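Coordinates from work20.txt are shown below (compact mmCIF, C-alpha atoms).
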```
# COMPACT_ATOMS: atom_id res chain seq x y z
CA GLY J 246 9.02 -0.87 -9.97
CA TYR J 247 6.91 2.04 -11.03
CA LEU J 248 3.97 0.00 -12.33
CA ALA J 249 3.76 -2.01 -9.10
CA GLU J 250 3.72 1.22 -7.04
CA GLN J 251 0.99 2.67 -9.27
CA ILE J 252 -1.14 -0.46 -8.90
CA LYS J 253 -0.60 -0.52 -5.15
CA ALA J 254 -1.62 3.16 -4.90
CA ILE J 255 -4.78 2.51 -6.92
CA LEU J 256 -5.76 -0.42 -4.72
CA VAL J 257 -5.02 1.41 -1.47
CA GLU J 258 -7.02 4.43 -2.60
CA GLY J 259 -9.88 2.16 -3.67
CA TYR J 260 -9.87 0.51 -0.26
CA PHE J 261 -10.07 3.83 1.59
CA ASP J 262 -12.70 5.13 -0.82
CA SER J 263 -14.87 2.03 -0.22
CA LYS J 264 -14.59 2.42 3.57
CA MET J 265 -15.53 6.08 3.29
CA ARG J 266 -18.44 5.29 0.96
CA MET J 267 -19.88 2.84 3.52
CA ILE J 268 -19.61 5.48 6.23
CA GLU J 269 -21.38 7.95 3.93
CA ALA J 270 -24.02 5.31 3.11
CA ARG J 271 -24.73 4.73 6.80
CA HIS J 272 -25.02 8.49 7.25
CA GLU J 273 -27.52 8.62 4.37
CA VAL J 274 -29.51 5.78 5.96
CA GLY J 275 -29.63 7.72 9.22
CA LYS J 276 -30.78 10.84 7.40
CA GLU J 277 -33.52 8.96 5.52
CA ILE J 278 -34.92 7.54 8.74
CA ALA J 279 -34.47 10.64 10.92
CA THR J 280 -36.07 12.99 8.41
CA ASP J 281 -38.97 10.70 7.50
CA PRO J 282 -42.34 12.04 8.73
CA LEU J 283 -43.24 8.66 10.25
CA TYR J 284 -40.05 8.64 12.32
CA LYS J 285 -40.62 12.20 13.45
CA LYS J 286 -44.19 11.39 14.43
CA PHE J 287 -43.93 7.88 15.87
CA GLY J 288 -40.50 6.31 15.60
CA LYS J 289 -38.37 8.26 18.01
CA GLY J 290 -40.16 7.21 21.15
CA SER J 291 -41.14 3.64 20.45
CA GLY J 292 -38.51 2.41 18.02
CA GLN J 293 -41.16 0.34 16.25
CA LEU J 294 -40.44 1.97 12.90
CA ILE J 295 -36.75 1.06 13.06
CA GLN J 296 -37.60 -2.48 14.18
CA GLN J 297 -39.98 -2.85 11.23
CA ILE J 298 -37.44 -1.52 8.73
CA ALA J 299 -34.77 -3.83 10.16
CA ARG J 300 -37.03 -6.85 9.69
CA GLU J 301 -37.94 -5.84 6.14
CA ILE J 302 -34.33 -5.34 5.03
CA GLU J 303 -32.99 -8.19 7.17
CA ARG J 304 -30.46 -6.07 9.02
CA PRO J 305 -29.90 -5.65 12.75
CA ALA J 306 -32.00 -2.90 14.28
CA GLN J 307 -28.98 -1.77 16.30
CA GLU J 308 -27.20 -0.92 13.05
CA LEU J 309 -30.10 1.31 12.01
CA TYR J 310 -30.24 2.96 15.44
CA LEU J 311 -26.53 3.75 15.09
CA CYS J 312 -27.10 5.20 11.62
CA VAL J 313 -29.78 7.53 12.98
CA GLN J 314 -27.61 8.46 15.94
CA PHE J 315 -24.73 9.11 13.52
CA TYR J 316 -26.82 11.47 11.39
CA GLU J 317 -28.29 13.27 14.39
CA LYS J 318 -24.91 13.80 16.05
CA TYR J 319 -23.05 14.66 12.83
CA PRO J 320 -25.51 16.19 10.32
CA ASP J 321 -22.53 17.07 8.11
CA VAL J 322 -20.46 13.91 7.61
CA SER J 323 -17.48 15.85 6.23
CA GLN J 324 -17.17 17.60 9.59
CA LEU J 325 -16.68 14.25 11.29
CA VAL J 326 -14.10 13.18 8.72
CA GLU J 327 -12.07 16.33 9.36
CA THR J 328 -12.13 15.89 13.14
CA THR J 329 -10.98 12.26 12.94
CA GLY J 330 -7.99 12.84 10.69
CA GLY J 331 -9.38 12.27 7.22
CA LYS J 332 -10.79 9.45 5.16
CA LYS J 333 -7.67 7.33 5.47
CA THR J 334 -8.04 7.00 9.23
CA ILE J 335 -11.80 6.92 9.78
CA THR J 336 -13.56 3.61 10.19
CA TRP J 337 -17.11 2.61 11.10
CA ASN J 338 -15.77 1.25 14.38
CA ARG J 339 -14.29 4.68 15.15
CA VAL J 340 -17.62 6.32 14.36
CA ARG J 341 -19.34 3.86 16.71
CA GLU J 342 -16.82 4.66 19.45
CA LEU J 343 -17.57 8.36 19.05
CA LEU J 344 -21.31 7.73 19.18
CA GLU J 345 -20.93 5.57 22.27
CA GLY J 346 -18.79 8.23 23.95
CA LYS J 347 -15.55 6.26 24.01
CA LYS J 348 -12.32 8.21 24.00
CA ASN J 349 -9.46 7.54 21.62
CA HIS J 350 -8.86 3.99 22.60
CA ILE J 351 -5.45 2.40 22.80
CA CYS J 352 -5.33 -1.23 23.86
CA ASP J 353 -2.94 -1.89 26.72
CA PHE J 354 -2.12 -5.50 26.09
CA LYS J 355 0.35 -5.58 28.97
CA LYS J 356 -2.64 -5.69 31.29
CA VAL J 357 -5.18 -7.75 29.35
CA GLU J 358 -5.25 -10.59 26.84
CA ARG J 359 -8.36 -9.30 25.09
CA CYS J 360 -9.60 -5.74 25.11
CA ASN J 361 -13.29 -4.83 25.22
CA CYS J 362 -12.85 -3.28 21.76
CA GLY J 363 -12.61 -6.85 20.46
CA LYS J 364 -8.92 -6.85 19.71
CA ILE J 365 -6.90 -9.83 20.85
CA LYS J 366 -3.36 -9.59 22.19
CA PRO J 367 -0.88 -10.04 19.31
```
Show this structure as structure tokens.
Amino acid sequence: GYLAEQIKAILVEGYFDSKMRMIEARHEVGKEIATDPLYKKFGKGSGQLIQQIAREIERPAQELYLCVQFYEKYPDVSQLVETTGGKKTITWNRVRELLEGKKNHICDFKKVERCNCGKIKP
């Protein structure tokens, strides 16, 4: 009934909002690092600053590199959201594909059992 549809809509919207918030958070992380004077002076070439931050916050350095790359490639996160079809379709994996230069990827499971995107044949 009506109440069930309302609850479902609230939960679905919450899910998409949380995904979008994590994308925005990663963008903010990239901005913090990329605009920090230490990064501008030392970090870009050696990567030692990112490695140090990763150790201190116990996160993979690759994640932080991607956050910086994300901010540098898309200084305005809303621009990226518009070009990918809106907040209901964007995912962090899609952002990573864009950063890594992958095209819109469609798995052709007729040819492979497991795609390099990590998806397994249904």
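Among the candidates J:Met267, J:Gln297, J:Glu303, J:Val340, the one nearest to Leu325 in chain J when counting all atoms listed in the file is J:Val340.
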Quiz item: From the set J:Glu345, J:Glu327, J:Glu317, J:Glu250, which residue has the shortest atom-to-atom contact distance to Glu277 in chain J, counting only C-alpha atoms?
Solution: J:Glu317
Exercise. Compare J:Met265, J:Ala270, J:Ala279, J:Leu344 by their minimum atom-to-atom distance to Lys318 in chain J, counting only C-alpha atoms, and give me the closest one.
Key: J:Leu344
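Pairwise distance (CA of Arg339 in chain J, CA of Asp281 in chain J) equals 26.5 Å.
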Practice problem: Could you check how far CA of Glu273 in chain J sits from CA of Val326 in chain J, in Å to one decimal? | Solution: 14.8 Å
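Taking CA of Val313 in chain J and CA of Pro282 in chain J as endpoints, the distance between them is 14.0 Å.
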Per-axis box centre and lengths in Å around range 309-321 of chain J, 8 Å margin per side, axis-aligned, as AutoDock Vina command-line options:
```
--center_x -26.4 --center_y 9.2 --center_z 12.1 --size_x 23.7 --size_y 31.8 --size_z 23.9
```
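Neighbours of Phe315 in chain J closer than or equal to 9 Å, with all atoms listed in the file counted and sequence neighbours fewer than 4 positions away skipped, come out as Arg271, His272, Gly275, Lys276, Tyr310, Leu311, Tyr319, Pro320, Val322, Val340, Arg341 and Leu344 of chain J.
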Quiz item: If we count all atoms listed in the file, what is near Gly292 in chain J at a cut-off of 12 Å, once residues fewer than 6 positions away on the same chain are taken out, given as a PyMOL selection string?
Solution: chain J and resi 278-279+283-286+298-299+306-307+309-310+313
